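*Asks:* If it helps, the file is called target30.json and holds JSON, C-alpha atoms:
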[["chain", "number", "residue", "atom", "x", "y", "z"],
["K", 15, "MET", "CA", 84.03, 95.39, 249.22],
["K", 16, "GLU", "CA", 86.63, 98.11, 248.82],
["K", 17, "GLU", "CA", 88.16, 96.14, 245.94],
["K", 18, "LEU", "CA", 84.78, 96.26, 244.19],
["K", 19, "ASP", "CA", 84.47, 100.03, 244.46],
["K", 20, "TYR", "CA", 85.29, 102.22, 241.48],
["K", 21, "TYR", "CA", 84.41, 105.69, 240.21],
["K", 22, "LEU", "CA", 81.55, 105.63, 237.70],
["K", 23, "PRO", "CA", 81.03, 109.04, 236.05],
["K", 24, "LYS", "CA", 77.38, 109.91, 235.36],
["K", 25, "GLU", "CA", 78.10, 110.39, 231.67],
["K", 26, "LYS", "CA", 79.14, 106.71, 231.40],
["K", 27, "ILE", "CA", 75.65, 105.55, 232.46],
["K", 28, "ALA", "CA", 73.73, 104.77, 229.27],
["K", 29, "GLN", "CA", 70.36, 106.54, 229.09],
["K", 30, "VAL", "CA", 69.22, 104.83, 225.87],
["K", 31, "PRO", "CA", 70.10, 101.46, 224.33],
["K", 32, "THR", "CA", 72.31, 100.99, 221.28],
["K", 33, "ILE", "CA", 70.19, 100.54, 218.16],
["K", 34, "PRO", "CA", 70.41, 97.97, 216.61],
["K", 35, "ARG", "CA", 70.72, 96.10, 219.91],
["K", 36, "ASP", "CA", 73.56, 93.85, 218.77],
["K", 37, "HIS", "CA", 75.80, 96.75, 217.66],
["K", 38, "CYS", "CA", 76.86, 97.73, 221.18],
["K", 39, "LYS", "CA", 80.43, 97.17, 222.34],
["K", 40, "LEU", "CA", 81.52, 93.78, 223.66],
["K", 41, "LEU", "CA", 84.56, 93.32, 225.88],
["K", 42, "ILE", "CA", 85.96, 89.79, 225.76],
["K", 43, "LEU", "CA", 87.75, 88.73, 228.96],
["K", 44, "ASN", "CA", 89.46, 85.43, 228.19],
["K", 45, "LYS", "CA", 91.83, 84.10, 230.87],
["K", 46, "GLY", "CA", 92.80, 87.63, 231.83],
["K", 47, "LYS", "CA", 93.31, 88.87, 228.25],
["K", 48, "ILE", "CA", 91.06, 91.63, 226.92],
["K", 49, "GLU", "CA", 89.70, 92.13, 223.40],
["K", 50, "HIS", "CA", 87.26, 94.75, 222.11],
["K", 51, "LYS", "CA", 84.53, 93.74, 219.69],
["K", 52, "LYS", "CA", 80.96, 94.53, 218.61],
["K", 53, "PHE", "CA", 78.27, 92.42, 220.25],
["K", 54, "TYR", "CA", 77.24, 90.61, 217.07],
["K", 55, "GLU", "CA", 80.82, 89.27, 216.88],
["K", 56, "ILE", "CA", 80.07, 87.06, 219.90],
["K", 57, "ILE", "CA", 79.27, 84.36, 217.34],
["K", 58, "ASP", "CA", 83.01, 84.16, 216.55],
["K", 59, "TYR", "CA", 83.68, 83.01, 220.13],
["K", 60, "LEU", "CA", 81.08, 80.26, 220.05],
["K", 61, "GLU", "CA", 81.34, 76.88, 218.33],
["K", 62, "LYS", "CA", 78.98, 74.15, 217.23],
["K", 63, "GLY", "CA", 77.98, 72.18, 220.33],
["K", 64, "ASP", "CA", 78.15, 75.19, 222.66],
["K", 65, "VAL", "CA", 75.07, 76.03, 224.72],
["K", 66, "ILE", "CA", 73.89, 79.56, 225.43],
["K", 67, "VAL", "CA", 71.40, 79.89, 228.31],
["K", 68, "LEU", "CA", 68.94, 82.81, 228.35],
["K", 69, "ASN", "CA", 66.46, 84.09, 230.95],
["K", 70, "ASP", "CA", 63.03, 84.34, 229.29],
["K", 71, "THR", "CA", 61.38, 86.37, 232.04],
["K", 72, "ALA", "CA", 59.26, 89.35, 230.94],
["K", 73, "VAL", "CA", 59.15, 92.73, 232.69],
["K", 74, "MET", "CA", 55.68, 93.70, 233.89],
["K", 75, "LYS", "CA", 54.28, 97.23, 233.59],
["K", 76, "VAL", "CA", 53.82, 97.67, 237.33],
["K", 77, "ARG", "CA", 54.86, 101.29, 237.89],
["K", 78, "LEU", "CA", 51.82, 103.42, 238.72],
["K", 79, "ILE", "CA", 51.49, 107.17, 239.30],
["K", 80, "GLY", "CA", 48.96, 107.87, 242.02],
["K", 81, "LYS", "CA", 47.49, 111.16, 243.18],
["K", 82, "LYS", "CA", 46.78, 111.87, 246.85],
["K", 83, "GLU", "CA", 43.65, 113.69, 248.04],
["K", 84, "THR", "CA", 45.89, 116.73, 248.63],
["K", 85, "GLY", "CA", 47.00, 116.62, 244.96],
["K", 86, "GLY", "CA", 50.51, 115.32, 245.66],
["K", 87, "LYS", "CA", 51.94, 112.49, 243.54],
["K", 88, "LEU", "CA", 53.00, 109.01, 244.57],
["K", 89, "ASP", "CA", 55.27, 106.91, 242.37],
["K", 90, "ILE", "CA", 54.30, 103.30, 243.10],
["K", 91, "LEU", "CA", 56.25, 100.18, 242.11],
["K", 92, "ILE", "CA", 54.30, 96.96, 242.71],
["K", 93, "PHE", "CA", 56.48, 93.89, 243.16],
["K", 94, "GLY", "CA", 54.23, 91.25, 244.69],
["K", 95, "LYS", "CA", 50.95, 90.18, 246.24],
["K", 96, "LYS", "CA", 50.19, 89.54, 249.90],
["K", 97, "GLY", "CA", 46.76, 87.99, 250.26],
["K", 98, "LYS", "CA", 44.27, 90.46, 248.79],
["K", 99, "TYR", "CA", 46.79, 93.33, 249.03],
["K", 100, "TYR", "CA", 49.81, 94.36, 246.93],
["K", 101, "GLU", "CA", 53.39, 94.80, 248.14],
["K", 102, "CYS", "CA", 55.14, 97.84, 246.74],
["K", 103, "MET", "CA", 57.69, 100.61, 247.13],
["K", 104, "ILE", "CA", 56.50, 104.20, 246.97],
["K", 105, "LYS", "CA", 58.28, 107.48, 246.25],
["K", 106, "GLY", "CA", 56.61, 110.57, 247.69],
["K", 107, "LYS", "CA", 55.26, 111.71, 251.07],
["K", 108, "TYR", "CA", 52.75, 109.35, 252.66],
["K", 109, "LYS", "CA", 51.77, 107.55, 255.86],
["K", 110, "GLU", "CA", 49.66, 104.58, 256.85],
["K", 111, "GLY", "CA", 46.03, 105.31, 255.99],
["K", 112, "THR", "CA", 46.89, 107.67, 253.11],
["K", 113, "LYS", "CA", 44.34, 107.42, 250.29],
["K", 114, "PHE", "CA", 45.34, 107.86, 246.65],
["K", 115, "PHE", "CA", 43.74, 107.64, 243.23],
["K", 116, "ILE", "CA", 44.85, 106.02, 240.00],
["K", 117, "ASN", "CA", 42.55, 106.88, 237.09],
["K", 118, "GLU", "CA", 39.68, 107.48, 239.56],
["K", 119, "ILE", "CA", 40.34, 104.11, 241.25],
["K", 120, "GLU", "CA", 40.78, 104.64, 244.99],
["K", 121, "GLY", "CA", 43.64, 102.92, 246.81],
["K", 122, "LYS", "CA", 44.85, 103.03, 250.39],
["K", 123, "ILE", "CA", 48.20, 102.52, 252.13],
["K", 124, "ILE", "CA", 47.60, 99.82, 254.75],
["K", 125, "LYS", "CA", 51.08, 99.36, 256.19],
["K", 126, "LYS", "CA", 54.48, 101.01, 255.90],
["K", 127, "THR", "CA", 57.66, 99.19, 256.99],
["K", 128, "ASN", "CA", 61.31, 99.93, 256.12],
["K", 129, "GLY", "CA", 60.52, 101.74, 252.88],
["K", 130, "ARG", "CA", 57.99, 99.15, 251.73],
["K", 131, "CYS", "CA", 54.25, 99.30, 251.74],
["K", 132, "ILE", "CA", 51.19, 97.11, 251.70],
["K", 133, "ILE", "CA", 48.40, 98.76, 249.70],
["K", 134, "ASP", "CA", 44.76, 98.00, 249.06],
["K", 135, "LEU", "CA", 44.08, 98.56, 245.36],
["K", 136, "PRO", "CA", 40.96, 97.04, 243.74],
["K", 137, "LEU", "CA", 42.65, 96.15, 240.46],
["K", 138, "SER", "CA", 43.82, 92.81, 239.07],
["K", 139, "MET", "CA", 47.42, 92.44, 237.87],
["K", 140, "GLU", "CA", 46.09, 92.40, 234.29],
["K", 141, "GLU", "CA", 44.28, 95.72, 234.88],
["K", 142, "ILE", "CA", 47.41, 97.20, 236.50],
["K", 143, "GLU", "CA", 49.51, 96.25, 233.46],
["K", 144, "LYS", "CA", 47.04, 97.96, 231.12],
["K", 145, "ILE", "CA", 47.51, 101.31, 232.86],
["K", 146, "GLY", "CA", 51.01, 100.84, 234.30],
["K", 147, "LYS", "CA", 54.41, 101.93, 233.00],
["K", 148, "MET", "CA", 57.61, 99.99, 232.49],
["K", 149, "PRO", "CA", 59.68, 100.23, 235.71],
["K", 150, "VAL", "CA", 63.10, 101.37, 234.50],
["K", 151, "PRO", "CA", 65.96, 101.79, 237.04],
["K", 152, "PRO", "CA", 66.27, 105.15, 238.84],
["K", 153, "TYR", "CA", 69.62, 105.95, 237.16],
["K", 154, "ILE", "CA", 67.82, 106.14, 233.78],
["K", 155, "LYS", "CA", 66.67, 109.73, 234.06],
["K", 156, "ARG", "CA", 64.60, 110.06, 230.90],
["K", 157, "GLU", "CA", 61.27, 108.51, 230.03],
["K", 158, "ILE", "CA", 61.89, 105.67, 227.61],
["K", 159, "ASP", "CA", 60.38, 106.20, 224.17],
["K", 160, "ASN", "CA", 59.63, 102.55, 223.52],
["K", 161, "ASP", "CA", 58.68, 99.87, 226.06],
["K", 162, "GLU", "CA", 60.43, 97.27, 223.87],
["K", 163, "TRP", "CA", 63.76, 98.91, 224.76],
["K", 164, "TYR", "CA", 63.52, 97.37, 228.23],
["K", 165, "GLN", "CA", 62.28, 93.94, 227.16],
["K", 166, "THR", "CA", 64.31, 91.12, 225.60],
["K", 167, "VAL", "CA", 63.17, 89.89, 222.17],
["K", 168, "PHE", "CA", 62.62, 86.44, 223.71],
["K", 169, "ALA", "CA", 60.69, 87.58, 226.83],
["K", 170, "LYS", "CA", 57.90, 85.11, 227.54],
["K", 171, "GLU", "CA", 57.19, 84.47, 231.24],
["K", 172, "LYS", "CA", 55.74, 87.53, 233.03],
["K", 173, "GLY", "CA", 57.03, 88.22, 236.51],
["K", 174, "SER", "CA", 59.96, 90.68, 236.64],
["K", 175, "ILE", "CA", 60.25, 94.25, 237.88],
["K", 176, "ALA", "CA", 63.55, 94.70, 235.99],
["K", 177, "ALA", "CA", 64.96, 93.31, 232.76],
["K", 178, "PRO", "CA", 67.66, 90.63, 232.60],
["K", 179, "THR", "CA", 69.79, 93.24, 230.88],
["K", 180, "ALA", "CA", 72.52, 91.05, 229.37],
["K", 181, "GLY", "CA", 69.77, 89.54, 227.21],
["K", 182, "LEU", "CA", 68.77, 92.94, 225.80],
["K", 183, "HIS", "CA", 71.61, 92.81, 223.26],
["K", 184, "PHE", "CA", 70.25, 89.84, 221.32],
["K", 185, "THR", "CA", 68.23, 90.27, 218.13],
["K", 186, "HIS", "CA", 66.06, 87.68, 216.38],
["K", 187, "ASN", "CA", 68.59, 87.67, 213.54],
["K", 188, "LEU", "CA", 71.57, 87.02, 215.85],
["K", 189, "LEU", "CA", 69.72, 84.18, 217.61],
["K", 190, "LYS", "CA", 68.93, 82.70, 214.20],
["K", 191, "LYS", "CA", 72.61, 82.84, 213.18],
["K", 192, "LEU", "CA", 73.67, 81.19, 216.46],
["K", 193, "LYS", "CA", 71.26, 78.31, 215.86],
["K", 194, "GLU", "CA", 72.42, 77.97, 212.24],
["K", 195, "LYS", "CA", 75.99, 77.57, 213.50],
["K", 196, "GLY", "CA", 74.88, 74.64, 215.67],
["K", 197, "ILE", "CA", 74.81, 76.51, 218.96],
["K", 198, "GLU", "CA", 72.04, 75.31, 221.29],
["K", 199, "VAL", "CA", 69.88, 78.12, 222.69],
["K", 200, "VAL", "CA", 68.25, 77.14, 226.00],
["K", 201, "PHE", "CA", 65.73, 79.10, 228.06],
["K", 202, "ILE", "CA", 65.31, 79.12, 231.82],
["K", 203, "THR", "CA", 63.39, 81.60, 234.01],
["K", 204, "LEU", "CA", 64.27, 83.82, 236.94],
["K", 205, "HIS", "CA", 61.87, 86.64, 237.78],
["K", 206, "VAL", "CA", 64.01, 89.63, 238.69],
["K", 207, "GLY", "CA", 62.90, 91.09, 242.01],
["K", 208, "LEU", "CA", 64.23, 93.47, 244.64],
["K", 209, "ALA", "CA", 67.30, 91.30, 245.32],
["K", 210, "THR", "CA", 68.98, 92.79, 242.24],
["K", 211, "PHE", "CA", 68.85, 96.26, 243.84],
["K", 212, "MET", "CA", 69.48, 95.39, 247.49],
["K", 213, "SER", "CA", 72.68, 96.13, 249.34],
["K", 214, "PRO", "CA", 74.73, 92.97, 249.96],
["K", 215, "ASP", "CA", 73.86, 92.95, 253.68],
["K", 216, "LYS", "CA", 70.11, 92.84, 252.91],
["K", 217, "ILE", "CA", 70.04, 90.61, 249.81],
["K", 218, "LYS", "CA", 69.49, 87.33, 251.68],
["K", 219, "GLU", "CA", 66.12, 88.67, 252.86],
["K", 220, "GLU", "CA", 64.83, 88.69, 249.28],
["K", 221, "LYS", "CA", 63.73, 85.66, 247.27],
["K", 222, "GLU", "CA", 63.31, 85.44, 243.51],
["K", 223, "TYR", "CA", 61.30, 82.77, 241.68],
["K", 224, "TYR", "CA", 63.20, 80.55, 239.24],
["K", 225, "CYS", "CA", 62.39, 77.57, 237.03],
["K", 226, "VAL", "CA", 64.82, 75.25, 235.24],
["K", 227, "SER", "CA", 62.98, 72.68, 233.13],
["K", 228, "LYS", "CA", 63.87, 69.04, 232.49],
["K", 229, "GLU", "CA", 64.53, 69.98, 228.85],
["K", 230, "ALA", "CA", 66.99, 72.70, 229.92],
["K", 231, "GLU", "CA", 68.66, 70.27, 232.35],
["K", 232, "GLU", "CA", 69.23, 67.69, 229.60],
["K", 233, "LYS", "CA", 70.51, 70.14, 226.99],
["K", 234, "ILE", "CA", 72.96, 71.77, 229.41],
["K", 235, "ASN", "CA", 74.24, 68.53, 230.97],
["K", 236, "ASN", "CA", 74.69, 66.96, 227.53],
["K", 237, "ALA", "CA", 76.53, 69.95, 226.05],
["K", 238, "GLU", "CA", 79.47, 69.04, 223.84],
["K", 239, "GLY", "CA", 81.10, 72.44, 224.20],
["K", 240, "LYS", "CA", 81.04, 75.57, 226.34],
["K", 241, "ILE", "CA", 78.04, 76.59, 228.43],
["K", 242, "ILE", "CA", 77.46, 80.35, 228.47],
["K", 243, "ALA", "CA", 75.06, 81.90, 230.98],
["K", 244, "VAL", "CA", 73.58, 85.16, 229.71],
["K", 245, "GLY", "CA", 73.31, 87.46, 232.69],
["K", 246, "THR", "CA", 73.76, 87.23, 236.44],
["K", 247, "THR", "CA", 70.09, 86.24, 236.83],
["K", 248, "THR", "CA", 70.58, 83.23, 234.55],
["K", 249, "LEU", "CA", 73.68, 82.15, 236.47],
["K", 250, "LYS", "CA", 71.86, 82.58, 239.79],
["K", 251, "ALA", "CA", 68.99, 80.37, 238.54],
["K", 252, "LEU", "CA", 71.40, 77.69, 237.33],
["K", 253, "GLU", "CA", 73.37, 77.76, 240.58],
["K", 254, "SER", "CA", 70.10, 77.44, 242.49],
["K", 255, "SER", "CA", 69.37, 74.32, 240.46],
["K", 256, "SER", "CA", 72.78, 72.59, 240.29],
["K", 257, "LYS", "CA", 75.06, 70.36, 242.32],
["K", 258, "ASN", "CA", 78.56, 68.99, 241.67],
["K", 259, "GLY", "CA", 78.73, 70.24, 238.09],
["K", 260, "LYS", "CA", 75.28, 69.00, 237.03],
["K", 261, "VAL", "CA", 72.05, 70.91, 236.49],
["K", 262, "ILE", "CA", 69.02, 69.38, 238.23],
["K", 263, "ALA", "CA", 65.59, 70.48, 236.96],
["K", 264, "SER", "CA", 63.77, 72.39, 239.70],
["K", 265, "SER", "CA", 61.73, 75.46, 240.49],
["K", 266, "GLY", "CA", 61.15, 77.53, 243.59],
["K", 267, "TRP", "CA", 62.27, 80.66, 245.43],
["K", 268, "SER", "CA", 65.97, 81.41, 245.66],
["K", 269, "ASN", "CA", 67.77, 83.75, 248.05],
["K", 270, "LEU", "CA", 71.18, 82.54, 246.88],
["K", 271, "PHE", "CA", 73.83, 85.23, 247.30],
["K", 272, "ILE", "CA", 76.96, 84.68, 245.21],
["K", 273, "TYR", "CA", 80.12, 86.59, 246.13],
["K", 274, "PRO", "CA", 83.90, 86.04, 245.78],
["K", 275, "GLY", "CA", 84.91, 82.76, 247.36],
["K", 276, "TYR", "CA", 81.68, 81.01, 246.36],
["K", 277, "GLU", "CA", 82.12, 77.51, 244.93],
["K", 278, "PHE", "CA", 80.14, 77.22, 241.70],
["K", 279, "GLN", "CA", 77.97, 74.11, 241.34],
["K", 280, "SER", "CA", 76.74, 74.46, 237.74],
["K", 281, "PRO", "CA", 78.77, 73.44, 234.65],
["K", 282, "VAL", "CA", 78.77, 77.04, 233.32],
["K", 283, "ASN", "CA", 82.16, 78.16, 231.97],
["K", 284, "GLY", "CA", 81.22, 81.45, 230.36],
["K", 285, "LEU", "CA", 79.27, 84.48, 231.59],
["K", 286, "LEU", "CA", 77.88, 87.26, 229.42],
["K", 287, "THR", "CA", 77.01, 90.28, 231.52],
["K", 288, "ASN", "CA", 76.63, 94.07, 231.48],
["K", 289, "PHE", "CA", 78.79, 96.49, 233.50],
["K", 290, "HIS", "CA", 77.36, 96.90, 237.00],
["K", 291, "MET", "CA", 77.21, 99.46, 239.79],
["K", 292, "PRO", "CA", 80.15, 99.61, 242.23],
["K", 293, "LYS", "CA", 79.82, 97.18, 245.17],
["K", 294, "SER", "CA", 76.47, 95.87, 243.87],
["K", 295, "PRO", "CA", 75.26, 92.22, 244.13],
["K", 296, "PRO", "CA", 75.58, 91.67, 240.34],
["K", 297, "LEU", "CA", 79.19, 92.89, 240.49],
["K", 298, "LEU", "CA", 79.92, 90.56, 243.41],
["K", 299, "LEU", "CA", 78.55, 87.63, 241.38],
["K", 300, "THR", "CA", 80.55, 88.68, 238.30],
["K", 301, "THR", "CA", 83.81, 88.90, 240.27],
["K", 302, "ALA", "CA", 83.07, 85.59, 241.99],
["K", 303, "PHE", "CA", 82.92, 84.03, 238.52],
["K", 304, "GLY", "CA", 85.70, 85.91, 236.73],
["K", 305, "GLY", "CA", 88.02, 86.83, 239.61],
["K", 306, "ILE", "CA", 88.21, 90.22, 241.33],
["K", 307, "LYS", "CA", 91.49, 91.31, 239.74],
["K", 308, "ASN", "CA", 90.53, 90.20, 236.20],
["K", 309, "VAL", "CA", 87.08, 91.77, 236.28],
["K", 310, "MET", "CA", 88.12, 95.07, 237.89],
["K", 311, "ASN", "CA", 90.99, 95.40, 235.37],
["K", 312, "ALA", "CA", 88.38, 94.91, 232.62],
["K", 313, "TYR", "CA", 86.18, 97.62, 234.19],
["K", 314, "GLU", "CA", 89.13, 100.02, 234.26],
["K", 315, "GLU", "CA", 89.83, 99.27, 230.59],
["K", 316, "ALA", "CA", 86.14, 99.68, 229.69],
["K", 317, "LEU", "CA", 86.03, 103.12, 231.30],
["K", 318, "LYS", "CA", 89.15, 104.18, 229.36],
["K", 319, "MET", "CA", 87.65, 102.87, 226.11],
["K", 320, "ASP", "CA", 84.40, 104.79, 226.65],
["K", 321, "TYR", "CA", 82.12, 101.80, 227.20],
["K", 322, "ARG", "CA", 78.56, 102.52, 228.30],
["K", 323, "PHE", "CA", 77.56, 101.13, 231.70],
["K", 324, "LEU", "CA", 74.51, 99.61, 233.44],
["K", 325, "SER", "CA", 71.16, 98.46, 231.98],
["K", 326, "PHE", "CA", 71.29, 100.10, 228.53],
["K", 327, "GLY", "CA", 75.07, 99.87, 228.35],
["K", 328, "ASP", "CA", 77.59, 97.58, 226.70],
["K", 329, "ALA", "CA", 78.45, 93.96, 227.51],
["K", 330, "MET", "CA", 81.32, 91.75, 228.65],
["K", 331, "LEU", "CA", 81.88, 88.06, 227.90],
["K", 332, "ILE", "CA", 83.96, 86.25, 230.52],
["K", 333, "LEU", "CA", 85.39, 82.94, 229.31],
["K", 334, "LYS", "CA", 87.10, 80.47, 231.63]]
For the file at hand, write its structure as structure tokens.
*Replies:*
Amino acid sequence: MEELDYYLPKEKIAQVPTIPRDHCKLLILNKGKIEHKKFYEIIDYLEKGDVIVLNDTAVMKVRLIGKKETGGKLDILIFGKKGKYYECMIKGKYKEGTKFFINEIEGKIIKKTNGRCIIDLPLSMEEIEKIGKMPVPPYIKREIDNDEWYQTVFAKEKGSIAAPTAGLHFTHNLLKKLKEKGIEVVFITLHVGLATFMSPDKIKEEKEYYCVSKEAEEKINNAEGKIIAVGTTTLKALESSSKNGKVIASSGWSNLFIYPGYEFQSPVNGLLTNFHMPKSPPLLLTTAFGGIKNVMNAYEEALKMDYRFLSFGDAMLILK
């Protein structure tokens, strides 16, 4: 873990995305060699017959601001359902039995365990999304001006509490150009849950839903060229659905934890990813794929070259 620690200055954490999305910086890490490009130039590193795999999950508006009877605020992030109740995390002072109100709708905290809560809230998920906010990560300190900033242009399947951020850099125009070049664009799903934010010692406790279709299986296994996974969530889904270099269509709940030393089962030989927090699960997965020394050298270079880090930051393409 010490090898995966590095100093990340606050000013390097992007607070807004690059506009247009595909004009951010792109670091190419190819067999240990580093190149600096713009994201839209990724097309120059892909050939006809290559397959690019994207996570089509959609972020739900499940952040609610509640008001206690005393007038105090509660910042509520809903991440699941448990029977007739909702599972959530809450910022603010509260205890079991605390009542709160959201737009005159009364809710109640039923149970509190290890920073998580079970709440009774008489609203459907559809009603919650109508009044809820986009749940951006805590290191983004400003309110986002546009919900689309934190949603990929190809988002389709609702279920995430965080965006698959490597996919945020794609535009409709870039996807069109990739297809015109003969590059196969394949969609799979992994709903991003708490596992993305957990410390490595707790991550196995969390499960995230994934789905890899028969169509995706066939297109990936029959690829004539490179297979590029866009984002750590995409690679996790493929690894949860692969064995001995072949993708096997499946769906279910994965608590797969990938860290250096892991033996990859999918046929993926390229990973497109953002720059992650020190010692975080996404960084462990990235270094497992690209090698600790290679990836951490690239991070050092990115910091020197003023790359922007984390969700709204720049990207890195690792090619094997």
*Asks:* Measuring atom to atom with only C-alpha atoms, identify which of K:Glu314, K:Lys75, K:Thr301, K:Pro31 is nearest to Lys144 (chain K).
*Replies:* K:Lys75
*Asks:* Using all atoms listed in the file, find the one residue out of K:Phe323, K:Phe168, K:Phe115, K:Tyr20 that sits nearest to Met310 (chain K).
*Replies:*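 Using all atoms listed in the file, Met310 (chain K) sits closest to K:Tyr20.
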*Asks:* So that I can check the surroundings of region 253-257 of chain K, please list as a PyMOL selection string every protein, DNA and RNA residue that reaches within 12 Å of it, counting only C-alpha atoms and ignoring chain neighbours fewer than 4 positions away.
*Replies:* chain K and resi 202-204+221-228+230-231+234-235+243+246-249+261-272+276-282+299+303
*Asks:* What does the distance between CA of Gly275 (chain K) and CA of Ala180 (chain K) come to in Å, to one decimal place?
*Replies:*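 CA of Ala180 (chain K) lies 23.4 Å from CA of Gly275 (chain K).
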*Asks:* With all atoms of region 19-32 of chain K from the file as input, state the centre and edge lengths in Å to one decimal of the axis-aligned box that has 8 Å extra on each side, as AutoDock Vina command-line options.
*Replies:*
--center_x 77.3 --center_y 105.2 --center_z 232.9 --size_x 32.1 --size_y 26.4 --size_z 39.2
*Asks:* Figure out the distance between CA of Gly111 (chain K) and CA of Lys126 (chain K), please, to one decimal in Å.
*Replies:*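 Calculated distance between CA of Lys126 (chain K) and CA of Gly111 (chain K) is 9.5 Å.
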*Asks:* So what do you get for CA of Asn44 (chain K) versus CA of Lys233 (chain K), distance-wise?
*Replies:*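 Separation of CA of Asn44 (chain K) and CA of Lys233 (chain K): 24.4 Å.
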*Asks:* When distances are computed from all atoms listed in the file, which of K:Asp70, K:Glu55, K:Glu171, K:Asp159 shows the smallest separation from Asp36 (chain K)?
*Replies:*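 Smallest distance to Asp36 (chain K) is found for K:Glu55.
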*Asks:* May I ask which of the residues K:Leu188, K:Phe114, K:Val73, K:Lys195 is the closest one to Glu143 (chain K), counting only C-alpha atoms?
*Replies:* K:Val73
*Asks:* Nearest residue to His290 (chain K) out of K:Asp328, K:Glu140, K:Glu162, K:Asp58, using only C-alpha atoms?
*Replies:*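 The closest residue to His290 (chain K) is K:Asp328.
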*Asks:* For a quick check of understanding, using only C-alpha atoms, which of K:Ile116, K:Met103, K:Leu135, K:Leu60 has the smallest distance to Glu83 (chain K)?
*Replies:*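 The shortest atom-to-atom distance to Glu83 (chain K) comes from K:Ile116.
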*Asks:* Excluding Gly284 (chain K) and any residue of its chain fewer than 5 positions from it, enumerate the residues within 7 Å of it, using only C-alpha atoms, and give them as a ChimeraX atom specification.
*Replies:* /K:241-243,332-334
*Asks:* So that I can look at just that part, could you write region 187-224 of chain K with C-alpha atoms, as a PDB file, in the first residue's frame?
*Replies:*
ATOM      1  CA  ASN K 187     -19.269  12.771 -32.192  1.00  0.00           C
ATOM      2  CA  LEU K 188     -16.211  10.840 -30.961  1.00  0.00           C
ATOM      3  CA  LEU K 189     -18.244   7.623 -30.641  1.00  0.00           C
ATOM      4  CA  LYS K 190     -19.504   8.163 -34.187  1.00  0.00           C
ATOM      5  CA  LYS K 191     -15.930   8.574 -35.488  1.00  0.00           C
ATOM      6  CA  LEU K 192     -14.809   5.413 -33.673  1.00  0.00           C
ATOM      7  CA  LYS K 193     -17.605   3.409 -35.300  1.00  0.00           C
ATOM      8  CA  GLU K 194     -16.812   4.911 -38.726  1.00  0.00           C
ATOM      9  CA  LYS K 195     -13.225   3.697 -38.334  1.00  0.00           C
ATOM     10  CA  GLY K 196     -14.502   0.140 -37.810  1.00  0.00           C
ATOM     11  CA  ILE K 197     -14.062   0.049 -34.050  1.00  0.00           C
ATOM     12  CA  GLU K 198     -16.744  -2.006 -32.291  1.00  0.00           C
ATOM     13  CA  VAL K 199     -18.416  -0.187 -29.389  1.00  0.00           C
ATOM     14  CA  VAL K 200     -19.861  -2.628 -26.836  1.00  0.00           C
ATOM     15  CA  PHE K 201     -21.930  -1.847 -23.743  1.00  0.00           C
ATOM     16  CA  ILE K 202     -22.018  -3.745 -20.467  1.00  0.00           C
ATOM     17  CA  THR K 203     -23.424  -2.633 -17.087  1.00  0.00           C
ATOM     18  CA  LEU K 204     -22.029  -2.304 -13.593  1.00  0.00           C
ATOM     19  CA  HIS K 205     -23.975  -0.170 -11.118  1.00  0.00           C
ATOM     20  CA  VAL K 206     -21.403   1.778  -9.132  1.00  0.00           C
ATOM     21  CA  GLY K 207     -22.036   1.387  -5.414  1.00  0.00           C
ATOM     22  CA  LEU K 208     -20.204   1.984  -2.154  1.00  0.00           C
ATOM     23  CA  ALA K 209     -17.382  -0.420  -3.091  1.00  0.00           C
ATOM     24  CA  THR K 210     -15.797   2.334  -5.196  1.00  0.00           C
ATOM     25  CA  PHE K 211     -15.356   4.481  -2.068  1.00  0.00           C
ATOM     26  CA  MET K 212     -14.531   1.818   0.527  1.00  0.00           C
ATOM     27  CA  SER K 213     -11.119   1.295   2.035  1.00  0.00           C
ATOM     28  CA  PRO K 214      -9.426  -1.858   0.685  1.00  0.00           C
ATOM     29  CA  ASP K 215      -9.973  -3.737   3.964  1.00  0.00           C
ATOM     30  CA  LYS K 216     -13.761  -3.194   3.771  1.00  0.00           C
ATOM     31  CA  ILE K 217     -14.375  -3.496   0.012  1.00  0.00           C
ATOM     32  CA  LYS K 218     -15.169  -7.234   0.035  1.00  0.00           C
ATOM     33  CA  GLU K 219     -18.230  -6.481   2.169  1.00  0.00           C
ATOM     34  CA  GLU K 220     -19.808  -4.540  -0.688  1.00  0.00           C
ATOM     35  CA  LYS K 221     -21.443  -6.022  -3.786  1.00  0.00           C
ATOM     36  CA  GLU K 222     -22.211  -4.244  -7.045  1.00  0.00           C
ATOM     37  CA  TYR K 223     -24.684  -5.453  -9.667  1.00  0.00           C
ATOM     38  CA  TYR K 224     -23.296  -6.213 -13.129  1.00  0.00           C
TER      39      TYR K 224
END
